>>> print(open('coords-v3.cif').read())   # mmCIF, C-alpha atoms, pLDDT in the B column; chains and numbers go by the auth columns
data_final
#
loop_
_atom_site.group_PDB
_atom_site.id
_atom_site.type_symbol
_atom_site.label_atom_id
_atom_site.label_comp_id
_atom_site.label_asym_id
_atom_site.label_seq_id
_atom_site.Cartn_x
_atom_site.Cartn_y
_atom_site.Cartn_z
_atom_site.B_iso_or_equiv
_atom_site.auth_seq_id
_atom_site.auth_asym_id
ATOM 1 C CA MET A 1 -17.650 -87.377 -13.285 94.00 410 A
ATOM 2 C CA LEU A 2 -14.616 -87.485 -11.002 98.00 411 A
ATOM 3 C CA ILE A 3 -13.650 -85.369 -8.019 98.00 412 A
ATOM 4 C CA ASP A 4 -10.091 -84.665 -6.947 98.00 413 A
ATOM 5 C CA SER A 5 -10.779 -84.885 -3.234 98.00 414 A
ATOM 6 C CA HIS A 6 -7.377 -83.528 -2.169 98.00 415 A
ATOM 7 C CA CYS A 7 -5.118 -81.159 -4.086 98.00 416 A
ATOM 8 C CA HIS A 8 -2.975 -78.146 -3.226 97.00 417 A
ATOM 9 C CA LEU A 9 -3.988 -75.601 -5.830 97.00 418 A
ATOM 10 C CA SER A 10 -2.348 -72.772 -3.870 95.00 419 A
ATOM 11 C CA SER A 11 1.100 -74.341 -4.207 95.00 420 A
ATOM 12 C CA GLU A 12 3.797 -72.475 -6.099 94.00 421 A
ATOM 13 C CA GLU A 13 4.028 -75.296 -8.650 96.00 422 A
ATOM 14 C CA ILE A 14 0.325 -75.022 -9.550 97.00 423 A
ATOM 15 C CA TYR A 15 -1.025 -71.551 -8.796 96.00 424 A
ATOM 16 C CA PRO A 16 0.737 -69.638 -11.616 97.00 425 A
ATOM 17 C CA ARG A 17 -0.847 -72.031 -14.184 97.00 426 A
ATOM 18 C CA LEU A 18 -4.126 -72.561 -12.393 98.00 427 A
ATOM 19 C CA ASP A 19 -6.490 -71.577 -15.217 98.00 428 A
ATOM 20 C CA LEU A 20 -4.832 -73.999 -17.616 98.00 429 A
ATOM 21 C CA ILE A 21 -4.645 -76.764 -15.010 98.00 430 A
ATOM 22 C CA ILE A 22 -8.336 -76.466 -14.104 98.00 431 A
ATOM 23 C CA GLU A 23 -9.267 -76.471 -17.789 98.00 432 A
ATOM 24 C CA ARG A 24 -7.160 -79.586 -18.407 98.00 433 A
ATOM 25 C CA ALA A 25 -8.782 -81.353 -15.481 98.00 434 A
ATOM 26 C CA GLN A 26 -12.299 -80.502 -16.612 98.00 435 A
ATOM 27 C CA ASN A 27 -11.501 -81.747 -20.102 98.00 436 A
ATOM 28 C CA ALA A 28 -10.392 -85.012 -18.465 98.00 437 A
ATOM 29 C CA GLY A 29 -13.724 -85.343 -16.663 98.00 438 A
ATOM 30 C CA VAL A 30 -12.753 -83.924 -13.271 98.00 439 A
ATOM 31 C CA SER A 31 -15.625 -81.684 -12.211 97.00 440 A
ATOM 32 C CA TYR A 32 -14.839 -80.689 -8.608 98.00 441 A
ATOM 33 C CA PHE A 33 -11.732 -80.035 -6.526 98.00 442 A
ATOM 34 C CA LEU A 34 -11.003 -79.910 -2.803 98.00 443 A
ATOM 35 C CA ASN A 35 -8.203 -77.413 -2.210 98.00 444 A
ATOM 36 C CA ALA A 36 -6.445 -78.571 0.943 94.00 445 A
ATOM 37 C CA GLY A 37 -4.781 -76.209 3.362 82.00 446 A
ATOM 38 C CA SER A 38 -1.302 -76.604 4.837 78.00 447 A
ATOM 39 C CA LYS A 39 -0.554 -73.236 6.379 84.00 448 A
ATOM 40 C CA PHE A 40 -3.340 -71.459 8.225 84.00 449 A
ATOM 41 C CA ASP A 41 -2.331 -68.134 6.651 86.00 450 A
ATOM 42 C CA GLU A 42 -3.002 -69.487 3.131 89.00 451 A
ATOM 43 C CA LEU A 43 -6.760 -69.204 3.582 93.00 452 A
ATOM 44 C CA ASP A 44 -7.230 -65.834 1.854 94.00 453 A
ATOM 45 C CA LYS A 45 -5.464 -67.187 -1.228 95.00 454 A
ATOM 46 C CA GLN A 46 -7.547 -70.347 -1.099 96.00 455 A
ATOM 47 C CA LEU A 47 -10.795 -68.409 -0.808 96.00 456 A
ATOM 48 C CA ASP A 48 -9.799 -66.284 -3.779 96.00 457 A
ATOM 49 C CA ILE A 49 -9.422 -69.478 -5.811 97.00 458 A
ATOM 50 C CA SER A 50 -12.883 -70.611 -4.709 97.00 459 A
ATOM 51 C CA ARG A 51 -14.308 -67.250 -5.779 97.00 460 A
ATOM 52 C CA ARG A 52 -12.738 -67.629 -9.219 97.00 461 A
ATOM 53 C CA PHE A 53 -13.734 -71.274 -9.605 98.00 462 A
ATOM 54 C CA LYS A 54 -17.104 -72.187 -8.103 96.00 463 A
ATOM 55 C CA ASN A 55 -16.260 -75.891 -8.365 97.00 464 A
ATOM 56 C CA VAL A 56 -13.260 -75.559 -6.020 98.00 465 A
ATOM 57 C CA PHE A 57 -13.982 -76.111 -2.326 98.00 466 A
ATOM 58 C CA THR A 58 -11.672 -74.963 0.462 97.00 467 A
ATOM 59 C CA VAL A 59 -10.127 -76.667 3.476 97.00 468 A
ATOM 60 C CA THR A 60 -8.415 -74.765 6.272 95.00 469 A
ATOM 61 C CA GLY A 61 -6.012 -76.101 8.871 94.00 470 A
ATOM 62 C CA VAL A 62 -2.398 -76.780 9.796 95.00 471 A
ATOM 63 C CA HIS A 63 -0.223 -79.505 8.280 95.00 472 A
ATOM 64 C CA PRO A 64 2.011 -81.285 10.807 96.00 473 A
ATOM 65 C CA HIS A 65 5.077 -79.993 8.936 95.00 474 A
ATOM 66 C CA ASP A 66 4.003 -76.462 9.886 94.00 475 A
ATOM 67 C CA ALA A 67 2.950 -77.174 13.457 96.00 476 A
ATOM 68 C CA VAL A 68 5.776 -75.158 15.033 96.00 477 A
ATOM 69 C CA ALA A 69 4.701 -71.974 13.262 95.00 478 A
ATOM 70 C CA TYR A 70 1.177 -72.432 14.629 95.00 479 A
ATOM 71 C CA SER A 71 1.944 -74.054 17.983 96.00 480 A
ATOM 72 C CA ASP A 72 -0.445 -71.709 19.822 96.00 481 A
ATOM 73 C CA ILE A 73 -3.377 -72.112 17.429 96.00 482 A
ATOM 74 C CA THR A 74 -6.709 -73.021 19.013 97.00 483 A
ATOM 75 C CA ALA A 75 -9.900 -74.577 17.768 97.00 484 A
ATOM 76 C CA LYS A 76 -11.523 -71.168 18.165 96.00 485 A
ATOM 77 C CA ASP A 77 -9.018 -69.682 15.711 95.00 486 A
ATOM 78 C CA VAL A 78 -9.969 -72.299 13.144 95.00 487 A
ATOM 79 C CA LEU A 79 -13.705 -71.982 13.753 96.00 488 A
ATOM 80 C CA GLN A 80 -13.567 -68.291 12.922 93.00 489 A
ATOM 81 C CA LYS A 81 -12.372 -69.264 9.430 92.00 490 A
ATOM 82 C CA THR A 82 -15.028 -71.899 8.784 94.00 491 A
ATOM 83 C CA GLU A 83 -17.966 -69.515 8.490 91.00 492 A
ATOM 84 C CA ASN A 84 -17.202 -68.864 4.819 93.00 493 A
ATOM 85 C CA ALA A 85 -19.460 -70.976 2.593 94.00 494 A
ATOM 86 C CA SER A 86 -16.462 -72.256 0.602 96.00 495 A
ATOM 87 C CA VAL A 87 -14.796 -73.834 3.651 97.00 496 A
ATOM 88 C CA VAL A 88 -16.099 -77.397 3.832 98.00 497 A
ATOM 89 C CA ALA A 89 -13.526 -79.216 5.990 98.00 498 A
ATOM 90 C CA ILE A 90 -10.701 -78.926 8.538 97.00 499 A
ATOM 91 C CA GLY A 91 -7.161 -79.857 7.478 95.00 500 A
ATOM 92 C CA GLU A 92 -5.085 -81.151 6.346 95.00 501 A
ATOM 93 C CA CYS A 93 -3.727 -81.985 9.744 97.00 502 A
ATOM 94 C CA GLY A 94 -2.326 -84.915 11.648 97.00 503 A
ATOM 95 C CA LEU A 95 1.042 -86.426 12.470 98.00 504 A
ATOM 96 C CA ASP A 96 4.193 -86.992 10.431 97.00 505 A
ATOM 97 C CA TYR A 97 7.023 -88.789 12.212 97.00 506 A
ATOM 98 C CA PHE A 98 8.841 -89.584 8.967 93.00 507 A
ATOM 99 C CA TYR A 99 10.064 -86.058 8.243 90.00 508 A
ATOM 100 C CA ASP A 100 9.628 -84.942 11.850 84.00 509 A
ATOM 101 C CA PHE A 101 9.759 -81.258 10.896 92.00 510 A
ATOM 102 C CA ALA A 102 8.075 -80.440 14.209 96.00 511 A
ATOM 103 C CA PRO A 103 8.494 -81.997 17.658 97.00 512 A
ATOM 104 C CA LYS A 104 5.973 -84.761 18.276 97.00 513 A
ATOM 105 C CA ASP A 105 4.381 -83.025 21.246 97.00 514 A
ATOM 106 C CA VAL A 106 3.767 -79.901 19.154 98.00 515 A
ATOM 107 C CA GLN A 107 2.287 -81.927 16.299 98.00 516 A
ATOM 108 C CA ILE A 108 -0.035 -83.684 18.737 98.00 517 A
ATOM 109 C CA LYS A 109 -1.103 -80.422 20.397 98.00 518 A
ATOM 110 C CA VAL A 110 -2.018 -78.820 17.069 97.00 519 A
ATOM 111 C CA PHE A 111 -3.719 -82.006 15.832 98.00 520 A
ATOM 112 C CA ARG A 112 -5.956 -82.063 18.899 98.00 521 A
ATOM 113 C CA GLU A 113 -7.011 -78.472 18.274 98.00 522 A
ATOM 114 C CA MET A 114 -7.897 -79.343 14.674 98.00 523 A
ATOM 115 C CA ILE A 115 -10.014 -82.256 15.939 98.00 524 A
ATOM 116 C CA LYS A 116 -11.798 -79.947 18.388 98.00 525 A
ATOM 117 C CA ALA A 117 -12.552 -77.575 15.509 98.00 526 A
ATOM 118 C CA SER A 118 -14.035 -80.479 13.570 98.00 527 A
ATOM 119 C CA GLN A 119 -16.146 -81.566 16.537 98.00 528 A
ATOM 120 C CA GLU A 120 -17.437 -78.064 17.227 97.00 529 A
ATOM 121 C CA SER A 121 -18.105 -77.083 13.614 97.00 530 A
ATOM 122 C CA GLY A 122 -19.475 -80.410 12.417 97.00 531 A
ATOM 123 C CA LEU A 123 -17.101 -80.234 9.459 98.00 532 A
ATOM 124 C CA PRO A 124 -15.104 -83.353 8.531 98.00 533 A
ATOM 125 C CA ILE A 125 -11.399 -83.523 9.250 98.00 534 A
ATOM 126 C CA ILE A 126 -8.722 -84.449 6.689 98.00 535 A
ATOM 127 C CA VAL A 127 -6.012 -86.507 8.346 98.00 536 A
ATOM 128 C CA HIS A 128 -2.386 -86.862 7.282 97.00 537 A
ATOM 129 C CA THR A 129 -0.457 -89.675 8.950 97.00 538 A
ATOM 130 C CA ARG A 130 2.993 -90.994 8.126 96.00 539 A
ATOM 131 C CA GLU A 131 4.891 -93.412 10.358 95.00 540 A
ATOM 132 C CA ALA A 132 2.605 -92.209 13.164 97.00 541 A
ATOM 133 C CA GLU A 133 -0.305 -94.591 12.761 97.00 542 A
ATOM 134 C CA GLU A 134 -0.641 -95.736 16.378 97.00 543 A
ATOM 135 C CA ASP A 135 -0.594 -92.203 17.788 98.00 544 A
ATOM 136 C CA THR A 136 -2.929 -90.971 15.047 98.00 545 A
ATOM 137 C CA ILE A 137 -5.571 -93.607 15.742 98.00 546 A
ATOM 138 C CA SER A 138 -5.183 -93.314 19.513 98.00 547 A
ATOM 139 C CA ILE A 139 -5.755 -89.540 19.407 98.00 548 A
ATOM 140 C CA LEU A 140 -8.701 -89.865 17.022 98.00 549 A
ATOM 141 C CA GLN A 141 -10.307 -92.583 19.154 98.00 550 A
ATOM 142 C CA GLU A 142 -9.795 -90.643 22.378 98.00 551 A
ATOM 143 C CA ALA A 143 -11.551 -87.612 20.891 98.00 552 A
ATOM 144 C CA TYR A 144 -14.254 -89.701 19.206 98.00 553 A
ATOM 145 C CA ARG A 145 -15.270 -91.245 22.548 98.00 554 A
ATOM 146 C CA LYS A 146 -15.933 -87.742 23.877 97.00 555 A
ATOM 147 C CA LYS A 147 -17.818 -86.440 20.827 98.00 556 A
ATOM 148 C CA MET A 148 -18.381 -88.089 17.463 98.00 557 A
ATOM 149 C CA PHE A 149 -16.942 -86.522 14.321 98.00 558 A
ATOM 150 C CA THR A 150 -16.045 -87.711 10.849 98.00 559 A
ATOM 151 C CA GLY A 151 -13.338 -87.339 8.256 98.00 560 A
ATOM 152 C CA VAL A 152 -10.972 -89.021 5.841 98.00 561 A
ATOM 153 C CA ILE A 153 -7.515 -90.543 6.035 98.00 562 A
ATOM 154 C CA HIS A 154 -6.060 -88.898 2.962 98.00 563 A
ATOM 155 C CA SER A 155 -3.422 -90.323 0.622 97.00 564 A
ATOM 156 C CA TYR A 156 -3.701 -93.632 2.437 98.00 565 A
ATOM 157 C CA SER A 157 -0.401 -95.532 2.570 96.00 566 A
ATOM 158 C CA SER A 158 -0.708 -97.961 5.489 93.00 567 A
ATOM 159 C CA ASP A 159 -1.728 -101.569 5.996 89.00 568 A
ATOM 160 C CA MET A 160 -5.271 -102.727 6.640 95.00 569 A
ATOM 161 C CA TRP A 161 -5.090 -102.243 10.419 95.00 570 A
ATOM 162 C CA LEU A 162 -5.249 -98.454 10.206 96.00 571 A
ATOM 163 C CA ALA A 163 -8.108 -98.554 7.694 97.00 572 A
ATOM 164 C CA GLU A 164 -10.106 -100.916 9.898 97.00 573 A
ATOM 165 C CA GLU A 165 -9.714 -98.672 12.935 98.00 574 A
ATOM 166 C CA ALA A 166 -10.637 -95.563 10.938 98.00 575 A
ATOM 167 C CA LEU A 167 -13.642 -97.268 9.366 98.00 576 A
ATOM 168 C CA LYS A 168 -14.956 -98.146 12.838 98.00 577 A
ATOM 169 C CA MET A 169 -15.286 -94.403 13.434 98.00 578 A
ATOM 170 C CA GLY A 170 -17.057 -93.911 10.115 98.00 579 A
ATOM 171 C CA PHE A 171 -14.039 -92.385 8.397 98.00 580 A
ATOM 172 C CA TYR A 172 -13.439 -92.532 4.667 98.00 581 A
ATOM 173 C CA ILE A 173 -10.186 -93.642 3.024 98.00 582 A
ATOM 174 C CA SER A 174 -8.685 -91.766 0.068 98.00 583 A
ATOM 175 C CA ALA A 175 -6.557 -93.328 -2.663 98.00 584 A
ATOM 176 C CA SER A 176 -3.735 -91.314 -4.177 98.00 585 A
ATOM 177 C CA GLY A 177 -1.302 -92.068 -6.989 98.00 586 A
ATOM 178 C CA MET A 178 0.609 -94.349 -4.636 98.00 587 A
ATOM 179 C CA ILE A 179 -1.761 -97.204 -5.478 98.00 588 A
ATOM 180 C CA THR A 180 -0.391 -97.128 -9.043 98.00 589 A
ATOM 181 C CA PHE A 181 3.246 -97.572 -7.996 98.00 590 A
ATOM 182 C CA LYS A 182 4.960 -100.804 -8.973 95.00 591 A
ATOM 183 C CA ASN A 183 6.011 -101.638 -5.405 95.00 592 A
ATOM 184 C CA ALA A 184 2.592 -100.902 -3.848 97.00 593 A
ATOM 185 C CA GLU A 185 1.098 -104.389 -3.974 96.00 594 A
ATOM 186 C CA SER A 186 0.361 -104.470 -0.232 95.00 595 A
ATOM 187 C CA LEU A 187 -1.375 -101.096 -0.486 97.00 596 A
ATOM 188 C CA ARG A 188 -3.511 -102.325 -3.378 97.00 597 A
ATOM 189 C CA SER A 189 -4.398 -105.371 -1.283 97.00 598 A
ATOM 190 C CA ALA A 190 -5.624 -103.084 1.508 97.00 599 A
ATOM 191 C CA PHE A 191 -7.781 -101.094 -0.896 98.00 600 A
ATOM 192 C CA LYS A 192 -9.294 -104.304 -2.205 98.00 601 A
ATOM 193 C CA LYS A 193 -10.756 -104.876 1.277 98.00 602 A
ATOM 194 C CA ILE A 194 -11.983 -101.329 1.933 98.00 603 A
ATOM 195 C CA PRO A 195 -15.694 -100.942 1.093 98.00 604 A
ATOM 196 C CA LEU A 196 -16.409 -98.956 -2.066 98.00 605 A
ATOM 197 C CA GLU A 197 -18.903 -96.922 -0.018 98.00 606 A
ATOM 198 C CA LYS A 198 -15.992 -95.512 2.001 98.00 607 A
ATOM 199 C CA LEU A 199 -13.545 -94.621 -0.793 98.00 608 A
ATOM 200 C CA LEU A 200 -12.423 -91.319 -2.247 98.00 609 A
ATOM 201 C CA VAL A 201 -9.831 -90.612 -4.931 98.00 610 A
ATOM 202 C CA GLU A 202 -7.276 -87.802 -4.997 98.00 611 A
ATOM 203 C CA THR A 203 -4.055 -86.520 -6.516 98.00 612 A
ATOM 204 C CA ASP A 204 -2.399 -84.683 -3.590 98.00 613 A
ATOM 205 C CA THR A 205 -1.266 -82.256 -6.299 98.00 614 A
ATOM 206 C CA PRO A 206 1.568 -81.321 -6.819 97.00 615 A
ATOM 207 C CA TYR A 207 2.928 -84.493 -5.189 96.00 616 A
ATOM 208 C CA LEU A 208 2.728 -88.240 -5.899 97.00 617 A
ATOM 209 C CA ALA A 209 2.053 -88.237 -9.632 98.00 618 A
ATOM 210 C CA PRO A 210 0.600 -91.614 -10.620 98.00 619 A
ATOM 211 C CA VAL A 211 1.891 -94.049 -13.188 98.00 620 A
ATOM 212 C CA PRO A 212 2.220 -93.254 -16.112 98.00 621 A
ATOM 213 C CA MET A 213 2.948 -89.651 -15.084 98.00 622 A
ATOM 214 C CA ARG A 214 5.771 -90.396 -12.650 96.00 623 A
ATOM 215 C CA GLY A 215 8.447 -87.696 -12.630 95.00 624 A
ATOM 216 C CA LYS A 216 6.013 -84.944 -13.571 97.00 625 A
ATOM 217 C CA ILE A 217 4.429 -82.323 -11.337 98.00 626 A
ATOM 218 C CA ASN A 218 1.125 -83.882 -10.345 98.00 627 A
ATOM 219 C CA GLU A 219 -2.095 -82.107 -11.264 98.00 628 A
ATOM 220 C CA PRO A 220 -5.828 -82.856 -10.905 98.00 629 A
ATOM 221 C CA SER A 221 -6.254 -84.186 -14.461 98.00 630 A
ATOM 222 C CA PHE A 222 -3.997 -87.097 -13.481 98.00 631 A
ATOM 223 C CA VAL A 223 -6.605 -88.394 -11.014 98.00 632 A
ATOM 224 C CA VAL A 224 -8.113 -90.402 -13.872 98.00 633 A
ATOM 225 C CA HIS A 225 -5.098 -92.750 -13.776 98.00 634 A
ATOM 226 C CA THR A 226 -5.500 -93.379 -10.053 98.00 635 A
ATOM 227 C CA ALA A 227 -9.245 -93.845 -10.471 98.00 636 A
ATOM 228 C CA GLN A 228 -8.743 -96.450 -13.186 98.00 637 A
ATOM 229 C CA VAL A 229 -6.372 -98.484 -11.015 98.00 638 A
ATOM 230 C CA LEU A 230 -8.795 -98.208 -8.095 98.00 639 A
ATOM 231 C CA ALA A 231 -11.625 -99.396 -10.346 98.00 640 A
ATOM 232 C CA ASP A 232 -9.497 -102.378 -11.368 98.00 641 A
ATOM 233 C CA ILE A 233 -8.708 -103.140 -7.714 98.00 642 A
ATOM 234 C CA LYS A 234 -12.404 -103.050 -6.814 98.00 643 A
ATOM 235 C CA ASP A 235 -13.356 -104.998 -9.958 98.00 644 A
ATOM 236 C CA VAL A 236 -15.853 -102.375 -11.132 98.00 645 A
ATOM 237 C CA ASP A 237 -16.038 -100.293 -14.282 98.00 646 A
ATOM 238 C CA MET A 238 -14.786 -96.713 -14.345 98.00 647 A
ATOM 239 C CA GLU A 239 -18.294 -95.241 -14.431 98.00 648 A
ATOM 240 C CA THR A 240 -19.289 -97.113 -11.276 98.00 649 A
ATOM 241 C CA LEU A 241 -16.118 -96.045 -9.499 98.00 650 A
ATOM 242 C CA SER A 242 -16.532 -92.420 -10.576 98.00 651 A
ATOM 243 C CA ASN A 243 -20.186 -92.250 -9.563 98.00 652 A
ATOM 244 C CA LYS A 244 -19.620 -93.871 -6.188 98.00 653 A
ATOM 245 C CA THR A 245 -16.600 -91.803 -5.177 98.00 654 A
ATOM 246 C CA THR A 246 -18.482 -88.655 -6.234 98.00 655 A
ATOM 247 C CA GLU A 247 -21.462 -89.697 -4.112 98.00 656 A
ATOM 248 C CA ASN A 248 -19.125 -90.447 -1.212 98.00 657 A
ATOM 249 C CA PHE A 249 -17.501 -87.033 -1.538 98.00 658 A
ATOM 250 C CA PHE A 250 -20.759 -85.114 -1.233 98.00 659 A
ATOM 251 C CA THR A 251 -21.908 -87.380 1.607 98.00 660 A
ATOM 252 C CA LEU A 252 -18.774 -86.672 3.621 98.00 661 A
ATOM 253 C CA PHE A 253 -18.314 -83.017 2.675 98.00 662 A
ATOM 254 C CA CYS A 254 -21.994 -82.206 3.052 96.00 663 A
ATOM 255 C CA LYS A 255 -21.370 -78.443 3.119 97.00 664 A
ATOM 256 C CA ALA A 256 -20.069 -78.662 -0.466 97.00 665 A
ATOM 257 C CA LYS A 257 -22.759 -77.821 -2.994 90.00 666 A
ATOM 258 C CA LYS A 258 -22.918 -78.970 -6.583 89.00 667 A
ATOM 259 C CA VAL A 259 -22.747 -76.129 -9.128 81.00 668 A
#
>>> encode(input="coords-v3.cif", output="structure tokens")
Amino acid sequence: MLIDSHCHLSSEEIYPRLDLIIERAQNAGVSYFLNAGSKFDELDKQLDISRRFKNVFTVTGVHPHDAVAYSDITAKDVLQKTENASVVAIGECGLDYFYDFAPKDVQIKVFREMIKASQESGLPIIVHTREAEEDTISILQEAYRKKMFTGVIHSYSSDMWLAEEALKMGFYISASGMITFKNAESLRSAFKKIPLEKLLVETDTPYLAPVPMRGKINEPSFVVHTAQVLADIKDVDMETLSNKTTENFFTLFCKAKKV
């Protein structure tokens, strides 16, 4: 059994074909899905998906790309949305200095509110970081010293330094289709060093389709390709990798219930 620990099922590329896409994923051995949030106002749509599919869990938060639209959001605003049983995490959130769609100070302000929501709710946080690693870790560490919390660095794409710092705080690291890319040897080397007990696997649907599905709209069924490469990296069989990442998922997202 595999879990797609990060996908955007509410996206316009996926939602119109959702029934077929979920069926395809289940036929491929993907049993659970974590539907990540980007825009805070998407939550009603996300919760509707979780009502239709009991094996889809919901995440609510603000992506750094959308920070300007939610610059005044507070942890209290987020906490009000976490009472629903389907909401099992905060995010995705974080910092993105590559696209820089929002000023850095606004991204940081919103990120800190998402962290506060994680600390106050006890729900894990899903962190996006791109070309912002030092600020990301600094902000996480600053908050962690005040009150412990947990989470995952999703779609990990950095060198080992970031993983080591995140692991010190008990965070998990999630592998996306990027580990299958031809030019990702340094990334595969990092994953070789990350303990299996701290790994998750994801698609980031509809983005980052893995080899051999490059050029296609990514979907949860494709997570099997990423999982196989991760199993090869860790020198374990697919069953071991699947079982361990599933166990890790339910350990981290402890509000998620098997159905």
>>> closest_atom_pairs(input="coords-v3.cif", of="stretch 421-475 of chain A", to="stretch 544-563 of chain A", cutoff="12 Å", atoms="only C-alpha atoms", output="tab-separated table")
residue	atom	partner	partner_atom	distance
A:Leu443	CA	A:His563	CA	11.8
A:Ala445	CA	A:His563	CA	10.5
A:Pro473	CA	A:Thr545	CA	11.7
>>> residues_around(input="coords-v3.cif", residues="A:Ile603", least_positions_apart="5", cutoff="10 Å", atoms="only C-alpha atoms", output="ChimeraX atom specification")
/A:569,572-573,576,581-582,598,608,643
>>> atom_distance(input="coords-v3.cif", atom1="atom CA of A:Phe507", atom2="atom CA of A:Ser567")
13.2 Å
>>> residues_near_point(input="coords-v3.cif", point="(-0.8, -77.1, 9.0)", cutoff="7 Å", atoms="all atoms listed in the file", output="list of chain:residue names")
A:Gly446, A:Ser447, A:Lys448, A:Phe449, A:Gly470, A:Val471, A:His472, A:Pro473, A:His474, A:Asp475, A:Ala476, A:Glu501, A:Cys502
>>> resolve_selection(input="coords-v3.cif", expression="the PyMOL selection byres ((chain A and resi 653-659) around 7)", output="PyMOL selection string")
chain A and resi 411-412+606-610+649-652+660-663+665
>>> residues_near_point(input="coords-v3.cif", point="(-0.8, -92.7, -9.6)", cutoff="10 Å", atoms="only C-alpha atoms", output="MDAnalysis selection string")
chainID A and resid 584:591 611:612 617:623 627 631:639
>>> resolve_selection(input="coords-v3.cif", expression="the PyMOL selection byres ((chain A and resi 425-435) around 10)", output="NGL selection string")
:A and (410-413 or 418-424 or 436-442 or 458 or 461-462 or 464-465 or 628-633)
>>> atom_distance(input="coords-v3.cif", atom1="atom CA of A:Asp450", atom2="atom CA of A:Ser480")
13.5 Å
>>> axis_aligned_box(input="coords-v3.cif", around="stretch 517-529 of chain A", padding_each_side="4 Å", output="lines of an AutoDock Vina configuration file")
center_x = -8.7
center_y = -80.6
center_z = 17.0
size_x = 25.4
size_y = 14.1
size_z = 14.8
>>> closest_residue(input="coords-v3.cif", among="A:Thr483, A:Ser495, A:Ser564, A:Gln489", to="A:Lys525", atoms="all atoms listed in the file")
A:Thr483
>>> atom_distance(input="coords-v3.cif", atom1="atom CA of A:Ala541", atom2="atom CA of A:Asp486")
25.5 Å
>>> closest_residue(input="coords-v3.cif", among="A:Arg521, A:Lys463, A:His415, A:Lys625", to="A:Ala484", atoms="all atoms listed in the file")
A:Arg521
>>> build_atoms(input="coords-v3.cif", residues="stretch 530-541 of chain A", atoms="N, CA and C atoms", output="PDB file, in the coordinates of the input")
ATOM      1  N   SER A 530     -17.509 -77.624  14.835  1.00 97.00           N
ATOM      2  CA  SER A 530     -18.105 -77.083  13.614  1.00 97.00           C
ATOM      3  C   SER A 530     -19.003 -78.083  12.903  1.00 97.00           C
ATOM      4  N   GLY A 531     -18.766 -79.379  13.154  1.00 97.00           N
ATOM      5  CA  GLY A 531     -19.475 -80.410  12.417  1.00 97.00           C
ATOM      6  C   GLY A 531     -18.873 -80.681  11.056  1.00 97.00           C
ATOM      7  N   LEU A 532     -17.769 -80.022  10.738  1.00 98.00           N
ATOM      8  CA  LEU A 532     -17.101 -80.234   9.459  1.00 98.00           C
ATOM      9  C   LEU A 532     -16.150 -81.427   9.561  1.00 98.00           C
ATOM     10  N   PRO A 533     -16.028 -82.212   8.498  1.00 98.00           N
ATOM     11  CA  PRO A 533     -15.104 -83.353   8.531  1.00 98.00           C
ATOM     12  C   PRO A 533     -13.657 -82.906   8.614  1.00 98.00           C
ATOM     13  N   ILE A 534     -12.824 -83.801   9.102  1.00 98.00           N
ATOM     14  CA  ILE A 534     -11.399 -83.523   9.250  1.00 98.00           C
ATOM     15  C   ILE A 534     -10.618 -84.357   8.235  1.00 98.00           C
ATOM     16  N   ILE A 535      -9.586 -83.763   7.656  1.00 98.00           N
ATOM     17  CA  ILE A 535      -8.722 -84.449   6.689  1.00 98.00           C
ATOM     18  C   ILE A 535      -7.404 -84.767   7.383  1.00 98.00           C
ATOM     19  N   VAL A 536      -7.120 -86.057   7.505  1.00 98.00           N
ATOM     20  CA  VAL A 536      -6.012 -86.507   8.346  1.00 98.00           C
ATOM     21  C   VAL A 536      -4.835 -86.987   7.505  1.00 98.00           C
ATOM     22  N   HIS A 537      -3.669 -86.443   7.836  1.00 97.00           N
ATOM     23  CA  HIS A 537      -2.386 -86.862   7.282  1.00 97.00           C
ATOM     24  C   HIS A 537      -1.691 -87.687   8.347  1.00 97.00           C
ATOM     25  N   THR A 538      -1.234 -88.887   7.998  1.00 97.00           N
ATOM     26  CA  THR A 538      -0.457 -89.675   8.950  1.00 97.00           C
ATOM     27  C   THR A 538       0.643 -90.411   8.206  1.00 97.00           C
ATOM     28  N   ARG A 539       1.862 -90.289   8.723  1.00 96.00           N
ATOM     29  CA  ARG A 539       2.993 -90.994   8.126  1.00 96.00           C
ATOM     30  C   ARG A 539       3.933 -91.456   9.227  1.00 96.00           C
ATOM     31  N   GLU A 540       4.091 -92.772   9.321  1.00 95.00           N
ATOM     32  CA  GLU A 540       4.891 -93.412  10.358  1.00 95.00           C
ATOM     33  C   GLU A 540       4.470 -92.931  11.747  1.00 95.00           C
ATOM     34  N   ALA A 541       3.162 -92.670  11.890  1.00 97.00           N
ATOM     35  CA  ALA A 541       2.605 -92.209  13.164  1.00 97.00           C
ATOM     36  C   ALA A 541       1.233 -92.833  13.379  1.00 97.00           C
TER      37      ALA A 541
END
